[in-house]
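Okay, structure first, notes after.
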Amino acid sequence: MAITIWRLCGRAPNSRQLLVTACFLFLFWCLSLYRVTTINQSRESDLLKAEIIRLSENYVRALARENSDIVDGPYAGRFTAYDLKKTIAVLLESMLDRIDQLEAKVNITRLGGLFGLSSNLSQHLNSNVNPAKGIINAEDVINGVTEECALTAEDKQLFPNCEGKVMWMRQMWKSDPCYGAYGVDGSECSFVMYLSEVEGWCPKKAWRGKVQIIPEDTKLIRYANISTDIEELMKVLVDPNERQGYAWIRMRIRRMWPRFSKAMKSLQLKQDMNGRRKKKILVHLGLLSKQSGWKFAESQFKGGPLGELVQWSDLVATLFLLGHQLTITSEAEQLAGILNKLPAANSPCQSRKELPVDIIYTDIVGLRQFKKHVKGGYGKFSKIQNSCLLRIVDSFGTEPAYNLRSWAKAHKILTTWGGQDLQPQQFFTMFPHSPDNSFMGFVVEQHLNDTNVVKIERRNQALVYGKNEYMWEGKAAYLEVIKSLVEIHGTVYIDTEAKNKTHTIPSYVNNHGLLNGEDLHTLLRQSKIFIGLGFPYEGPAPLEAIANGAVFINPKFNPPHSSKNTKFFKGKPTERKLTSQHPYAEQFLGEPYVYTIDIKNIQQVKDTVARILHRNEFHPYMPYEYTEEGMLQRMNAYIEHQNFCQFQKQPAKWPPNSAVKFILGEKGVSCKDACWAKNLICDPSHFRDINSKESLLENGATCAQSKEITGILYPSFNTVTNECEIQKEEFLFSCVGEHLELQRLCPCRNYIKVQTALCQGCEV
């Protein structure tokens, strides 16, 4: 054509003109193609957009009509007000799908037009991606598909409290609007959602399939750093009023701080103390409060009981040194002021994530104050899922039978101190006398340095353990025998203001009155014998005497003292039978540091004193578990490993299985005694692992059948009926129960010889 034009014009084209013409034609062709393509894309987009709007409007109207009289279900989002969000979520899902289709179609049209690629567009747009198992999309909702919320048999076994909580929710979910705020709407799925996400009673996989664990942002983790600045601790340990309740505690901590700091550095060299999470810890000393009525604050410098104050002092120092964040209170008003500031303090809906603390140390008095004075705020801790934060400082311990209120009440053994419904290991004792509880202990103070000790000469004298006059009553014959062999000294508080009072201290006793710590330890270092009178029970003084080289005469009890025959133990939540004034010294120390004798047997008393004097060996001894380092190690292990807030039934992780052996005991023997006979210690945290017929058979039982029973004796083999008897109530797992017909199956762990609370390897 171009050549023809040139001919008509009478001229022949040259090569340059032909090239320009070709370029012009190619450009015209490209512009035409681009225009066609964009017009097609625009028209396609408009059609899809109109279709989306039309279908969305129809869907919303239809959904509104269909569900106007129906309680909305929990499909759209967890813990929200569902009515509008359900519609929006489904609509948005549809819109996003259509946008994806639109983008895909445009891309394919563009690519196909430019590069001549052929594809089956309709096949591509209609292809469906299989949704993840357990996820419900918009089409499923419209078709009436529901989530998988039913609890499986495995779920019920792993989360034994879940089913009961769901039943409670069916009846009570309208009792407070907070449940609705969390998305509970009366449907089974909303119950399970709430109980799994908020309170932790139920498994999450029951309603949302496999849970993808989101890694924790390590930048947000606060780590515990060793802190040895005592002045920072003193800023926390401030008296709430004029009673100066913390005065004695502050004095003891200041006096012992150099040794504590040195012990912390020593422990750092023995084990890795890095990577520990910083815990927010509330310490509430209920015994020092005005409401307790015990007047501990008023009597701390007047001969009052100091054993509990010793334990609290050492606990506070230990927690601070380990680098945790402390809040310390002693009055109920302080406690109420802190807890009533909690988010939704008066709400029954429980979430540990809202709590300002990770651990709470208190005593039984303090626990009562939680219940009585904090009102709605106590709801944060009163339910089992949050009472798991509690650690109860309990000198004499609480046994499982007395701890479970329903059981104690049914068997008429409920006391004012018992019925707390905590896990037995949440009670922390002064001595390791009950493996059902946790052994907290204290530090045996050492006032004298090596220079002072060298200058002190051991004399032929004995010091009596009894700082109140009533403790000496009825002991005249016993003391007369000892007086014939050694000089007797005392540290008795004499109330000079009391009128018409007859004093019971024998005239031959050299009474020094109440002494400060250094003077008392000097007197102990000068003495050869520390004389027990039978009371007080299980105090720290005998260990202080032994640490200064004095030999302790430990009065033996026959029959043993217990709540059945001793007024002091009436109402105590334990059936412990004390065979002596100081069972720990009797069982774990023994001769030559401790002589446990019948002090009513005058000849035995005389022979024992003579034997001690004849041996003439007075070597100081300090059990490692009662040193500053021992307590730091033990409490650090507890804080790092004990977890009472785990509601899923699973094998115990601590102590590890490698430290535990399972033993079928003899008839009529408790697990405590069965384990001790093998030089092991009963560990109740592993009872759940062996609570089955199979475990009994594997360990030597010959039962043909089994049954579940509620009590403190199980799991066990009944030698009369040949039945395997399985524990039905896990709060009653106990190391101390025994029955003549039963062989108990016992979890027994090894232990560090100088740290009985920990298994070998459990210190790290």
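By convention in this document, the chains of the structure tokens carry letters A, B, ... by their order, each chain's residues are numbered from 1, and ligands are numbered from 1 in the order they are shown.
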**12 Å contact set for Asp358 (chain A), only C-alpha atoms, chain neighbours under 4 positions out, as a ChimeraX atom specification** = /A:277-283,324-327,352-354,381,386-391,639-640,643-645
**Request:** May I have the residues within 7 Å of Phe431 (chain A) as a ChimeraX atom specification, using only C-alpha atoms and disregarding those fewer than 3 positions away in the same chain?
**Result:** /A:439,441,584
**Asked** Could you work out how far CA of Trp407 (chain A) lies from CA of Thr721 (chain A), giving the answer in Å with one decimal?
**Response**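 Distance reported for this atom pair: 24.6 Å.
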**Message:** Give me, as a count of residues only, all polymer residues having an atom no more than 8 Å from Val464 (chain A), counting only C-alpha atoms and skipping those fewer than 3 positions away in the same chain.
**Reply:** 8
**Prompt:** What is the CA of His447 (chain A)-CA of Gly517 (chain A) distance in Å, reported with one decimal?
**Reply:**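 One can read the CA of His447 (chain A) to CA of Gly517 (chain A) distance as 6.7 Å.
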**Message:** Which residues are close to region 674-679 of chain A, i.e. within 10 Å by only C-alpha atoms, leaving aside same-chain residues fewer than 6 positions away? Reply as a list in words.
**Reply:**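 Answer for this query is Lys661, Phe662, Ile663, Leu664, Gly665, Glu666, Lys667, Gly668, Cys735, Val736, Gln743, Arg744, Leu745, Cys746, Pro747, Cys748, Arg749, Asn750 and Tyr751 of chain A.
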Keeping only C-alpha atoms, write those residues as a tab-separated table (two decimals), in the first residue's frame.
```tsv
chain	number	residue	atom	x	y	z
A	661	LYS	CA	11.03	-44.69	92.30
A	662	PHE	CA	7.65	-46.34	92.87
A	663	ILE	CA	7.46	-48.66	95.85
A	664	LEU	CA	4.66	-50.93	97.06
A	665	GLY	CA	4.90	-50.63	100.84
A	666	GLU	CA	4.25	-53.21	103.52
A	667	LYS	CA	0.80	-53.63	105.08
A	668	GLY	CA	-0.07	-50.92	107.59
A	735	CYS	CA	2.05	-39.54	102.17
A	736	VAL	CA	0.92	-40.06	105.76
A	743	GLN	CA	-0.27	-51.90	100.89
A	744	ARG	CA	0.19	-48.38	99.63
A	745	LEU	CA	1.79	-47.60	96.26
A	746	CYS	CA	4.24	-44.79	96.96
A	747	PRO	CA	6.19	-42.30	94.83
A	748	CYS	CA	9.60	-41.97	96.49
A	749	ARG	CA	12.38	-39.61	95.43
A	750	ASN	CA	16.03	-39.35	96.27
A	751	TYR	CA	17.30	-36.26	98.05
```
Write out as a PDB file with N, CA, C and O atoms, in the first residue's frame which residues come within 12 Å of Gly539 (chain A) when counting only C-alpha atoms, dropping same-chain ones fewer than 4 positions away.
```pdb
ATOM      1  N   PRO A 305       6.935 -15.037 121.077  1.00  0.00           N
ATOM      2  CA  PRO A 305       7.432 -16.062 120.148  1.00  0.00           C
ATOM      3  C   PRO A 305       8.096 -15.418 118.944  1.00  0.00           C
ATOM      4  O   PRO A 305       7.542 -14.516 118.313  1.00  0.00           O
ATOM      5  N   LEU A 306       9.304 -15.885 118.652  1.00  0.00           N
ATOM      6  CA  LEU A 306      10.075 -15.292 117.570  1.00  0.00           C
ATOM      7  C   LEU A 306      10.295 -16.246 116.395  1.00  0.00           C
ATOM      8  O   LEU A 306      10.826 -15.836 115.364  1.00  0.00           O
ATOM      9  N   GLY A 307       9.925 -17.515 116.557  1.00  0.00           N
ATOM     10  CA  GLY A 307      10.157 -18.489 115.496  1.00  0.00           C
ATOM     11  C   GLY A 307       9.533 -18.073 114.178  1.00  0.00           C
ATOM     12  O   GLY A 307      10.157 -18.150 113.114  1.00  0.00           O
ATOM     13  N   GLU A 308       8.281 -17.595 114.233  1.00  0.00           N
ATOM     14  CA  GLU A 308       7.598 -17.169 113.010  1.00  0.00           C
ATOM     15  C   GLU A 308       8.258 -15.929 112.408  1.00  0.00           C
ATOM     16  O   GLU A 308       8.384 -15.802 111.193  1.00  0.00           O
ATOM     17  N   LEU A 309       8.697 -14.993 113.270  1.00  0.00           N
ATOM     18  CA  LEU A 309       9.356 -13.791 112.768  1.00  0.00           C
ATOM     19  C   LEU A 309      10.698 -14.126 112.129  1.00  0.00           C
ATOM     20  O   LEU A 309      11.110 -13.481 111.153  1.00  0.00           O
ATOM     21  N   VAL A 310      11.384 -15.119 112.686  1.00  0.00           N
ATOM     22  CA  VAL A 310      12.631 -15.586 112.075  1.00  0.00           C
ATOM     23  C   VAL A 310      12.367 -16.047 110.650  1.00  0.00           C
ATOM     24  O   VAL A 310      13.075 -15.686 109.700  1.00  0.00           O
ATOM     25  N   GLN A 311      11.324 -16.848 110.485  1.00  0.00           N
ATOM     26  CA  GLN A 311      11.012 -17.403 109.171  1.00  0.00           C
ATOM     27  C   GLN A 311      10.630 -16.303 108.176  1.00  0.00           C
ATOM     28  O   GLN A 311      11.085 -16.296 107.026  1.00  0.00           O
ATOM     29  N   SER A 395       3.825 -23.071 110.110  1.00  0.00           N
ATOM     30  CA  SER A 395       4.908 -23.695 110.875  1.00  0.00           C
ATOM     31  C   SER A 395       4.740 -25.195 111.041  1.00  0.00           C
ATOM     32  O   SER A 395       5.674 -25.972 110.833  1.00  0.00           O
ATOM     33  N   PHE A 396       3.541 -25.643 111.414  1.00  0.00           N
ATOM     34  CA  PHE A 396       3.334 -27.054 111.748  1.00  0.00           C
ATOM     35  C   PHE A 396       2.722 -27.859 110.607  1.00  0.00           C
ATOM     36  O   PHE A 396       2.599 -29.070 110.708  1.00  0.00           O
ATOM     37  N   THR A 429       6.384 -25.137 105.478  1.00  0.00           N
ATOM     38  CA  THR A 429       6.630 -25.417 106.893  1.00  0.00           C
ATOM     39  C   THR A 429       8.020 -24.980 107.342  1.00  0.00           C
ATOM     40  O   THR A 429       8.906 -24.706 106.534  1.00  0.00           O
ATOM     41  N   MET A 430       8.194 -24.954 108.663  1.00  0.00           N
ATOM     42  CA  MET A 430       9.466 -24.542 109.240  1.00  0.00           C
ATOM     43  C   MET A 430      10.487 -25.674 109.214  1.00  0.00           C
ATOM     44  O   MET A 430      11.690 -25.433 109.079  1.00  0.00           O
ATOM     45  N   PHE A 431      10.019 -26.911 109.329  1.00  0.00           N
ATOM     46  CA  PHE A 431      10.881 -28.087 109.287  1.00  0.00           C
ATOM     47  C   PHE A 431      10.303 -29.097 108.293  1.00  0.00           C
ATOM     48  O   PHE A 431       9.097 -29.090 108.026  1.00  0.00           O
ATOM     49  N   GLY A 441      11.632 -23.645 105.723  1.00  0.00           N
ATOM     50  CA  GLY A 441      12.752 -23.521 106.638  1.00  0.00           C
ATOM     51  C   GLY A 441      13.067 -22.090 107.015  1.00  0.00           C
ATOM     52  O   GLY A 441      12.263 -21.173 106.857  1.00  0.00           O
ATOM     53  N   PHE A 442      14.273 -21.882 107.497  1.00  0.00           N
ATOM     54  CA  PHE A 442      14.771 -20.575 107.930  1.00  0.00           C
ATOM     55  C   PHE A 442      16.284 -20.678 107.972  1.00  0.00           C
ATOM     56  O   PHE A 442      16.861 -21.715 107.601  1.00  0.00           O
ATOM     57  N   VAL A 443      16.936 -19.625 108.431  1.00  0.00           N
ATOM     58  CA  VAL A 443      18.397 -19.616 108.526  1.00  0.00           C
ATOM     59  C   VAL A 443      18.799 -19.599 110.000  1.00  0.00           C
ATOM     60  O   VAL A 443      18.292 -18.776 110.770  1.00  0.00           O
ATOM     61  N   VAL A 444      19.667 -20.505 110.354  1.00  0.00           N
ATOM     62  CA  VAL A 444      20.215 -20.501 111.711  1.00  0.00           C
ATOM     63  C   VAL A 444      21.278 -19.412 111.781  1.00  0.00           C
ATOM     64  O   VAL A 444      22.294 -19.458 111.069  1.00  0.00           O
ATOM     65  N   TYR A 465      16.698 -24.273 127.586  1.00  0.00           N
ATOM     66  CA  TYR A 465      15.888 -23.801 126.460  1.00  0.00           C
ATOM     67  C   TYR A 465      14.482 -23.522 126.982  1.00  0.00           C
ATOM     68  O   TYR A 465      13.657 -24.405 127.089  1.00  0.00           O
ATOM     69  N   GLY A 466      14.215 -22.261 127.341  1.00  0.00           N
ATOM     70  CA  GLY A 466      12.909 -21.875 127.868  1.00  0.00           C
ATOM     71  C   GLY A 466      12.963 -20.445 128.366  1.00  0.00           C
ATOM     72  O   GLY A 466      13.497 -20.184 129.447  1.00  0.00           O
ATOM     73  N   GLY A 532      16.681 -29.098 126.797  1.00  0.00           N
ATOM     74  CA  GLY A 532      15.300 -28.989 126.374  1.00  0.00           C
ATOM     75  C   GLY A 532      14.355 -29.303 127.513  1.00  0.00           C
ATOM     76  O   GLY A 532      14.613 -30.201 128.319  1.00  0.00           O
ATOM     77  N   GLY A 534      10.909 -29.725 126.820  1.00  0.00           N
ATOM     78  CA  GLY A 534       9.717 -30.336 126.223  1.00  0.00           C
ATOM     79  C   GLY A 534       8.834 -29.350 125.486  1.00  0.00           C
ATOM     80  O   GLY A 534       7.931 -29.738 124.743  1.00  0.00           O
ATOM     81  N   PHE A 535       9.065 -28.068 125.698  1.00  0.00           N
ATOM     82  CA  PHE A 535       8.321 -27.018 125.018  1.00  0.00           C
ATOM     83  C   PHE A 535       9.193 -25.760 125.004  1.00  0.00           C
ATOM     84  O   PHE A 535       9.919 -25.524 125.971  1.00  0.00           O
ATOM     85  N   LEU A 543      18.878 -25.624 116.933  1.00  0.00           N
ATOM     86  CA  LEU A 543      19.833 -25.612 115.829  1.00  0.00           C
ATOM     87  C   LEU A 543      20.890 -24.526 116.035  1.00  0.00           C
ATOM     88  O   LEU A 543      22.056 -24.706 115.650  1.00  0.00           O
ATOM     89  N   GLU A 544      20.498 -23.400 116.633  1.00  0.00           N
ATOM     90  CA  GLU A 544      21.469 -22.355 116.943  1.00  0.00           C
ATOM     91  C   GLU A 544      22.483 -22.862 117.972  1.00  0.00           C
ATOM     92  O   GLU A 544      23.680 -22.561 117.887  1.00  0.00           O
ATOM     93  N   ALA A 545      21.978 -23.630 118.958  1.00  0.00           N
ATOM     94  CA  ALA A 545      22.880 -24.181 119.978  1.00  0.00           C
ATOM     95  C   ALA A 545      23.874 -25.156 119.357  1.00  0.00           C
ATOM     96  O   ALA A 545      25.081 -25.101 119.640  1.00  0.00           O
ATOM     97  N   ASN A 554      17.268 -33.577 123.982  1.00  0.00           N
ATOM     98  CA  ASN A 554      15.968 -33.492 123.333  1.00  0.00           C
ATOM     99  C   ASN A 554      14.966 -34.388 124.060  1.00  0.00           C
ATOM    100  O   ASN A 554      15.053 -35.619 123.976  1.00  0.00           O
ATOM    101  N   GLN A 581      10.570 -33.313 121.469  1.00  0.00           N
ATOM    102  CA  GLN A 581      10.380 -31.868 121.369  1.00  0.00           C
ATOM    103  C   GLN A 581      10.831 -31.357 120.012  1.00  0.00           C
ATOM    104  O   GLN A 581      10.238 -30.427 119.469  1.00  0.00           O
ATOM    105  N   HIS A 582      11.846 -31.983 119.444  1.00  0.00           N
ATOM    106  CA  HIS A 582      12.388 -31.519 118.168  1.00  0.00           C
ATOM    107  C   HIS A 582      12.626 -32.715 117.241  1.00  0.00           C
ATOM    108  O   HIS A 582      13.749 -33.236 117.139  1.00  0.00           O
ATOM    109  N   PRO A 583      11.583 -33.160 116.510  1.00  0.00           N
ATOM    110  CA  PRO A 583      11.718 -34.338 115.645  1.00  0.00           C
ATOM    111  C   PRO A 583      12.804 -34.209 114.584  1.00  0.00           C
ATOM    112  O   PRO A 583      13.441 -35.199 114.224  1.00  0.00           O
ATOM    113  N   TYR A 584      13.017 -33.001 114.035  1.00  0.00           N
ATOM    114  CA  TYR A 584      14.062 -32.843 113.016  1.00  0.00           C
ATOM    115  C   TYR A 584      15.431 -33.170 113.605  1.00  0.00           C
ATOM    116  O   TYR A 584      16.234 -33.891 112.990  1.00  0.00           O
ATOM    117  N   ALA A 585      15.720 -32.621 114.799  1.00  0.00           N
ATOM    118  CA  ALA A 585      17.001 -32.894 115.435  1.00  0.00           C
ATOM    119  C   ALA A 585      17.156 -34.382 115.735  1.00  0.00           C
ATOM    120  O   ALA A 585      18.250 -34.948 115.599  1.00  0.00           O
TER     121      ALA A 585
END
```
**Item:** Which of A:Ile494, A:Pro177, A:Cys349, A:Phe301 sits closest to Val198 (chain A) [using only C-alpha atoms]
**Value:**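 Ranking A:Ile494, A:Pro177, A:Cys349, A:Phe301 by distance to Val198 (chain A), first place goes to A:Cys349.
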**Request:** Using only C-alpha atoms, find the one residue out of A:Ile681, A:Leu158, A:Cys762, A:Val669 that sits nearest to Ser716 (chain A).
**Result:**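 Comparing A:Ile681, A:Leu158, A:Cys762, A:Val669 against Ser716 (chain A), the winner is A:Val669.
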**Request:** Excluding Asp229 (chain A) and residues on its chain fewer than 2 positions from it, collect all residues at most 10 Å away from it, counting only C-alpha atoms, and give them as a list in words.
**Result:** Ile226, Ser227, Glu231, Glu232, Leu233, Met234, Trp257, Ser261, Phe320 and Leu321 of chain A
**Of the listed residues A:Leu414, A:Ala476, A:Cys759, A:Ile602, that which approaches Lys570 (chain A) most closely, counting only C-alpha atoms** =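 Among the listed residues, the smallest separation from Lys570 (chain A) belongs to A:Leu414.
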**Request:** Tell me, in Å to one decimal, how far CA of Leu524 (chain A) is from CA of Glu445 (chain A).
**Result:**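 Interatomic distance here is 12.4 Å.
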